[in-house]
$ cat protein.tsv   # TSV, N, CA and C atoms
chain	number	residue	atom	x	y	z
U	1	PRO	N	-17.41	-3.36	5.22
U	1	PRO	CA	-17.30	-2.64	3.96
U	1	PRO	C	-18.52	-2.89	3.08
U	2	ASP	N	-18.92	-1.88	2.39
U	2	ASP	CA	-20.09	-2.02	1.54
U	2	ASP	C	-19.75	-2.04	0.06
U	3	GLY	N	-18.47	-2.09	-0.28
U	3	GLY	CA	-18.06	-2.16	-1.67
U	3	GLY	C	-17.88	-0.81	-2.33
U	4	ASP	N	-18.01	0.29	-1.59
U	4	ASP	CA	-17.89	1.63	-2.16
U	4	ASP	C	-16.49	2.21	-2.02
U	5	TYR	N	-15.51	1.39	-1.79
U	5	TYR	CA	-14.15	1.86	-1.63
U	5	TYR	C	-13.42	1.87	-2.96
U	6	PRO	N	-12.77	2.99	-3.32
U	6	PRO	CA	-12.06	3.03	-4.60
U	6	PRO	C	-10.84	2.13	-4.60
U	7	LEU	N	-10.56	1.57	-5.76
U	7	LEU	CA	-9.36	0.77	-5.96
U	7	LEU	C	-8.24	1.72	-6.37
U	8	VAL	N	-7.10	1.65	-5.66
U	8	VAL	CA	-6.01	2.60	-5.90
U	8	VAL	C	-4.67	1.89	-6.04
U	9	LEU	N	-3.75	2.59	-6.69
U	9	LEU	CA	-2.35	2.19	-6.77
U	9	LEU	C	-1.57	3.30	-6.07
U	10	ILE	N	-0.88	2.95	-5.00
U	10	ILE	CA	-0.11	3.94	-4.24
U	10	ILE	C	1.37	3.69	-4.45
U	11	ASP	N	2.09	4.73	-4.82
U	11	ASP	CA	3.54	4.73	-4.97
U	11	ASP	C	4.07	5.41	-3.71
U	12	TRP	N	4.82	4.67	-2.87
U	12	TRP	CA	5.27	5.25	-1.61
U	12	TRP	C	6.64	4.72	-1.21
U	13	THR	N	7.24	5.37	-0.24
U	13	THR	CA	8.58	5.02	0.23
U	13	THR	C	8.48	4.52	1.66
U	14	ASP	N	9.12	3.37	1.90
U	14	ASP	CA	9.09	2.75	3.23
U	14	ASP	C	10.51	2.66	3.78
U	15	SER	N	10.61	2.58	5.08
U	15	SER	CA	11.91	2.38	5.70
U	15	SER	C	12.39	0.95	5.45
U	16	CYS	N	13.66	0.71	5.67
U	16	CYS	CA	14.24	-0.59	5.37
U	16	CYS	C	15.38	-0.86	6.35
U	17	GLU	N	15.54	-2.13	6.71
U	17	GLU	CA	16.69	-2.51	7.52
U	17	GLU	C	17.21	-3.87	7.05
U	18	ASN	N	18.49	-4.09	7.26
U	18	ASN	CA	19.08	-5.37	6.89
U	18	ASN	C	18.61	-6.46	7.84
U	19	VAL	N	18.56	-7.69	7.34
U	19	VAL	CA	18.21	-8.83	8.18
U	19	VAL	C	19.26	-8.98	9.27
U	20	GLU	N	20.50	-8.98	8.88
U	20	GLU	CA	21.60	-8.98	9.84
U	20	GLU	C	21.81	-7.53	10.25
U	21	ASN	N	21.46	-7.18	11.48
U	21	ASN	CA	21.42	-5.77	11.84
U	21	ASN	C	22.48	-5.40	12.88
U	22	ALA	N	23.61	-6.10	12.86
U	22	ALA	CA	24.72	-5.77	13.77
U	22	ALA	C	26.02	-5.80	12.98
U	23	ASP	N	26.98	-5.02	13.43
U	23	ASP	CA	28.31	-4.97	12.81
U	23	ASP	C	28.23	-4.72	11.31
U	24	GLN	N	27.47	-3.72	10.92
U	24	GLN	CA	27.29	-3.39	9.50
U	24	GLN	C	28.33	-2.37	9.06
U	25	LEU	N	28.82	-2.56	7.88
U	25	LEU	CA	29.69	-1.56	7.26
U	25	LEU	C	28.82	-0.47	6.66
U	26	ILE	N	29.35	0.72	6.60
U	26	ILE	CA	28.59	1.84	6.00
U	26	ILE	C	28.19	1.49	4.57
U	27	SER	N	29.04	0.80	3.85
U	27	SER	CA	28.73	0.45	2.45
U	27	SER	C	27.60	-0.58	2.35
U	28	ASP	N	27.26	-1.25	3.45
U	28	ASP	CA	26.19	-2.25	3.43
U	28	ASP	C	24.86	-1.75	3.99
U	29	LEU	N	24.81	-0.48	4.40
U	29	LEU	CA	23.58	0.05	4.99
U	29	LEU	C	22.47	0.11	3.95
U	30	PRO	N	21.24	-0.21	4.33
U	30	PRO	CA	20.12	-0.18	3.39
U	30	PRO	C	19.65	1.24	3.13
U	31	GLU	N	18.91	1.39	2.05
U	31	GLU	CA	18.26	2.65	1.72
U	31	GLU	C	16.76	2.43	1.78
U	32	PRO	N	15.98	3.50	1.92
U	32	PRO	CA	14.53	3.33	1.88
U	32	PRO	C	14.11	2.64	0.59
U	33	GLU	N	12.96	1.95	0.65
U	33	GLU	CA	12.48	1.19	-0.50
U	33	GLU	C	11.25	1.84	-1.11
U	34	ARG	N	11.20	1.86	-2.44
U	34	ARG	CA	10.02	2.33	-3.15
U	34	ARG	C	9.07	1.16	-3.29
U	35	ILE	N	7.81	1.38	-2.94
U	35	ILE	CA	6.81	0.31	-2.94
U	35	ILE	C	5.61	0.76	-3.75
U	36	TYR	N	5.08	-0.16	-4.55
U	36	TYR	CA	3.82	0.05	-5.25
U	36	TYR	C	2.80	-0.88	-4.59
U	37	GLN	N	1.73	-0.30	-4.07
U	37	GLN	CA	0.74	-1.06	-3.33
U	37	GLN	C	-0.63	-0.83	-3.95
U	38	VAL	N	-1.36	-1.91	-4.20
U	38	VAL	CA	-2.70	-1.82	-4.75
U	38	VAL	C	-3.69	-2.30	-3.71
U	39	GLY	N	-4.81	-1.61	-3.59
U	39	GLY	CA	-5.83	-2.05	-2.65
U	39	GLY	C	-7.02	-1.13	-2.66
U	40	PHE	N	-7.98	-1.44	-1.78
U	40	PHE	CA	-9.16	-0.62	-1.61
U	40	PHE	C	-8.86	0.47	-0.58
U	41	MET	N	-9.06	1.74	-0.94
U	41	MET	CA	-8.82	2.81	0.01
U	41	MET	C	-10.01	2.88	0.96
U	42	VAL	N	-9.80	2.49	2.21
U	42	VAL	CA	-10.87	2.45	3.20
U	42	VAL	C	-10.82	3.64	4.16
U	43	VAL	N	-9.69	4.31	4.25
U	43	VAL	CA	-9.57	5.55	5.04
U	43	VAL	C	-8.79	6.55	4.19
U	44	ASN	N	-9.34	7.75	4.08
U	44	ASN	CA	-8.69	8.83	3.33
U	44	ASN	C	-8.61	10.03	4.26
U	45	ASP	N	-7.62	10.02	5.15
U	45	ASP	CA	-7.44	11.03	6.18
U	45	ASP	C	-6.42	12.06	5.69
U	46	PRO	N	-6.47	13.30	6.17
U	46	PRO	CA	-5.47	14.28	5.76
U	46	PRO	C	-4.03	13.86	6.08
U	47	GLY	N	-3.82	13.03	7.10
U	47	GLY	CA	-2.46	12.63	7.47
U	47	GLY	C	-2.03	11.28	6.95
U	48	TYR	N	-2.97	10.45	6.53
U	48	TYR	CA	-2.63	9.10	6.08
U	48	TYR	C	-3.79	8.51	5.27
U	49	VAL	N	-3.49	7.43	4.56
U	49	VAL	CA	-4.52	6.62	3.92
U	49	VAL	C	-4.36	5.19	4.41
U	50	THR	N	-5.46	4.48	4.46
U	50	THR	CA	-5.43	3.05	4.78
U	50	THR	C	-6.01	2.32	3.60
U	51	ILE	N	-5.25	1.33	3.12
U	51	ILE	CA	-5.77	0.50	2.03
U	51	ILE	C	-5.78	-0.95	2.50
U	52	ALA	N	-6.72	-1.70	1.95
U	52	ALA	CA	-6.86	-3.11	2.28
U	52	ALA	C	-6.78	-3.92	1.00
U	53	GLY	N	-6.08	-5.03	1.07
U	53	GLY	CA	-5.93	-5.90	-0.10
U	53	GLY	C	-7.16	-6.74	-0.37
U	54	GLY	N	-7.97	-6.94	0.66
U	54	GLY	CA	-9.17	-7.75	0.50
U	54	GLY	C	-10.31	-7.18	1.32
U	55	ALA	N	-11.53	-7.30	0.80
U	55	ALA	CA	-12.73	-6.87	1.51
U	55	ALA	C	-13.73	-8.00	1.47
U	56	LYS	N	-14.17	-8.43	2.63
U	56	LYS	CA	-15.19	-9.47	2.74
U	56	LYS	C	-16.53	-8.78	2.95
U	57	ILE	N	-17.24	-8.58	1.86
U	57	ILE	CA	-18.45	-7.77	1.87
U	57	ILE	C	-19.50	-8.38	2.81
U	58	GLU	N	-19.68	-9.70	2.76
U	58	GLU	CA	-20.71	-10.34	3.57
U	58	GLU	C	-20.46	-10.19	5.06
U	59	SER	N	-19.20	-10.30	5.50
U	59	SER	CA	-18.91	-10.21	6.94
U	59	SER	C	-18.54	-8.80	7.39
U	60	GLY	N	-18.32	-7.89	6.43
U	60	GLY	CA	-17.97	-6.52	6.78
U	60	GLY	C	-16.57	-6.36	7.33
U	61	THR	N	-15.65	-7.26	6.94
U	61	THR	CA	-14.28	-7.19	7.44
U	61	THR	C	-13.30	-6.98	6.29
U	62	LEU	N	-12.07	-6.63	6.66
U	62	LEU	CA	-11.01	-6.35	5.70
U	62	LEU	C	-9.81	-7.24	5.98
U	63	ASP	N	-9.03	-7.52	4.95
U	63	ASP	CA	-7.79	-8.28	5.08
U	63	ASP	C	-6.62	-7.46	4.56
U	64	TYR	N	-5.44	-7.70	5.14
U	64	TYR	CA	-4.18	-7.14	4.67
U	64	TYR	C	-4.21	-5.62	4.57
U	65	ALA	N	-4.67	-4.97	5.64
U	65	ALA	CA	-4.76	-3.50	5.66
U	65	ALA	C	-3.44	-2.89	6.10
U	66	ILE	N	-3.11	-1.75	5.50
U	66	ILE	CA	-1.91	-1.00	5.88
U	66	ILE	C	-2.25	0.49	5.83
U	67	SER	N	-1.79	1.22	6.84
U	67	SER	CA	-1.94	2.68	6.87
U	67	SER	C	-0.61	3.30	6.48
U	68	ILE	N	-0.66	4.22	5.52
U	68	ILE	CA	0.55	4.83	4.97
U	68	ILE	C	0.49	6.33	5.22
U	69	PRO	N	1.49	6.90	5.90
U	69	PRO	CA	1.50	8.35	6.11
U	69	PRO	C	1.60	9.09	4.78
U	70	ARG	N	0.87	10.17	4.66
U	70	ARG	CA	0.89	10.95	3.41
U	70	ARG	C	2.29	11.46	3.07
U	71	CYS	N	3.12	11.73	4.10
U	71	CYS	CA	4.47	12.22	3.82
U	71	CYS	C	5.32	11.17	3.11
U	72	ALA	N	4.92	9.90	3.14
U	72	ALA	CA	5.66	8.83	2.47
U	72	ALA	C	5.13	8.55	1.07
U	73	ILE	N	4.00	9.16	0.71
U	73	ILE	CA	3.33	8.86	-0.56
U	73	ILE	C	3.81	9.80	-1.66
U	74	THR	N	4.22	9.22	-2.78
U	74	THR	CA	4.60	9.98	-3.97
U	74	THR	C	3.38	10.26	-4.83
U	75	SER	N	2.53	9.23	-5.02
U	75	SER	CA	1.33	9.43	-5.83
U	75	SER	C	0.27	8.40	-5.47
U	76	ILE	N	-0.98	8.78	-5.72
U	76	ILE	CA	-2.12	7.88	-5.60
U	76	ILE	C	-2.85	7.91	-6.93
U	77	ARG	N	-3.00	6.76	-7.53
U	77	ARG	CA	-3.72	6.65	-8.80
U	77	ARG	C	-4.99	5.83	-8.57
U	78	TYR	N	-6.10	6.37	-9.01
U	78	TYR	CA	-7.38	5.66	-8.90
U	78	TYR	C	-7.52	4.75	-10.11
U	79	LEU	N	-7.84	3.49	-9.86
U	79	LEU	CA	-7.89	2.49	-10.92
U	79	LEU	C	-9.34	2.20	-11.32
U	80	ALA	N	-9.55	2.01	-12.60
U	80	ALA	CA	-10.88	1.63	-13.10
U	80	ALA	C	-11.02	0.12	-12.98
U	81	VAL	N	-12.19	-0.30	-12.59
U	81	VAL	CA	-12.47	-1.73	-12.49
U	81	VAL	C	-13.23	-2.14	-13.73
U	82	CYS	N	-12.75	-3.19	-14.38
U	82	CYS	CA	-13.42	-3.68	-15.58
U	82	CYS	C	-13.87	-5.11	-15.35
U	83	GLU	N	-14.69	-5.60	-16.23
U	83	GLU	CA	-15.24	-6.95	-16.11
U	83	GLU	C	-14.28	-8.04	-16.52
U	84	GLY	N	-13.17	-7.67	-17.15
U	84	GLY	CA	-12.19	-8.67	-17.57
U	84	GLY	C	-11.94	-8.59	-19.05
U	85	PRO	N	-11.08	-9.48	-19.54
U	85	PRO	CA	-10.75	-9.46	-20.97
U	85	PRO	C	-11.93	-9.90	-21.82
U	86	PRO	N	-11.98	-9.44	-23.06
U	86	PRO	CA	-13.05	-9.87	-23.95
U	86	PRO	C	-13.07	-11.40	-24.06
U	87	GLY	N	-14.22	-11.98	-24.03
U	87	GLY	CA	-14.34	-13.42	-24.18
U	87	GLY	C	-14.27	-14.18	-22.87
U	88	GLY	N	-14.17	-13.50	-21.73
U	88	GLY	CA	-14.17	-14.18	-20.44
U	88	GLY	C	-12.79	-14.42	-19.89
U	89	VAL	N	-12.73	-15.24	-18.88
U	89	VAL	CA	-11.49	-15.49	-18.12
U	89	VAL	C	-10.46	-16.22	-18.94
$ encode --input "protein.tsv" --output "structure tokens"
Amino acid sequence: PDGDYPLVLIDWTDSCENVENADQLISDLPEPERIYQVGFMVVNDPGYVTIAGGAKIESGTLDYAISIPRCAITSIRYLAVCEGPPGGV
């Protein structure tokens, strides 16, 4: 990565399953989960986006990457990067 990846907030829906996945009552079945994910958009494909939580610029590698199908995405918001709060950290 060269640092030119936009920082985004993605609102998307993921599948879900119970930890105990046998002998479930209908009333205990899970529903899909709404997820808010922040990261660097490293792939912007017509069918999906891939975002990474970390980018190691010196080594050219990424950490914590996930590809999300566009059909699961509700919105993508591009985030502005600032230097931090007034007066420093």
$ closest_residue --input "protein.tsv" --among "U:Tyr48, U:Tyr78, U:Tyr64, U:Tyr36" --to "Val8 of chain U" --atoms "only C-alpha atoms"
U:Tyr78
$ select_by_dssp --input "protein.tsv" --residues "segment 5-83 of chain U" --states "helix (DSSP H, G or I)" --output "PDB file with N, CA and C atoms, keeping the file's coordinate frame"
ATOM      1  N   ILE U  26      29.350   0.720   6.600  1.00  0.00           N
ATOM      2  CA  ILE U  26      28.590   1.840   6.000  1.00  0.00           C
ATOM      3  C   ILE U  26      28.190   1.490   4.570  1.00  0.00           C
ATOM      4  N   SER U  27      29.040   0.800   3.850  1.00  0.00           N
ATOM      5  CA  SER U  27      28.730   0.450   2.450  1.00  0.00           C
ATOM      6  C   SER U  27      27.600  -0.580   2.350  1.00  0.00           C
ATOM      7  N   ASP U  28      27.260  -1.250   3.450  1.00  0.00           N
ATOM      8  CA  ASP U  28      26.190  -2.250   3.430  1.00  0.00           C
ATOM      9  C   ASP U  28      24.860  -1.750   3.990  1.00  0.00           C
ATOM     10  N   ARG U  70       0.870  10.170   4.660  1.00  0.00           N
ATOM     11  CA  ARG U  70       0.890  10.950   3.410  1.00  0.00           C
ATOM     12  C   ARG U  70       2.290  11.460   3.070  1.00  0.00           C
ATOM     13  N   CYS U  71       3.120  11.730   4.100  1.00  0.00           N
ATOM     14  CA  CYS U  71       4.470  12.220   3.820  1.00  0.00           C
ATOM     15  C   CYS U  71       5.320  11.170   3.110  1.00  0.00           C
ATOM     16  N   ALA U  72       4.920   9.900   3.140  1.00  0.00           N
ATOM     17  CA  ALA U  72       5.660   8.830   2.470  1.00  0.00           C
ATOM     18  C   ALA U  72       5.130   8.550   1.070  1.00  0.00           C
TER      19      ALA U  72
END
$ atom_distance --input "protein.tsv" --atom1 "atom CA of Thr50 of chain U" --atom2 "atom CA of Thr74 of chain U"
15.0 Å
$ atom_distance --input "protein.tsv" --atom1 "atom CA of Thr61 of chain U" --atom2 "atom CA of Tyr5 of chain U"
12.8 Å
$ residues_near_point --input "protein.tsv" --point "(-3.9, -5.2, -1.6)" --cutoff "8 Å" --atoms "all atoms listed in the file" --output "list of chain:residue names"
U:Gln37, U:Val38, U:Gly39, U:Phe40, U:Ile51, U:Ala52, U:Gly53, U:Gly54, U:Asp63, U:Tyr64, U:Ala65, U:Ile66
$ closest_residue --input "protein.tsv" --among "U:Val19, U:Ala80, U:Ile73, U:Leu9" --to "Met41 of chain U" --atoms "all atoms listed in the file"
U:Leu9
$ select_by_dssp --input "protein.tsv" --residues "chain U" --states "strand (DSSP E or B)" --output "PyMOL selection string"
chain U and resi 7-14+33-44+48-56+61-69+73-78
$ atom_distance --input "protein.tsv" --atom1 "atom C of Ser75 of chain U" --atom2 "atom CA of Asn18 of chain U"
26.4 Å
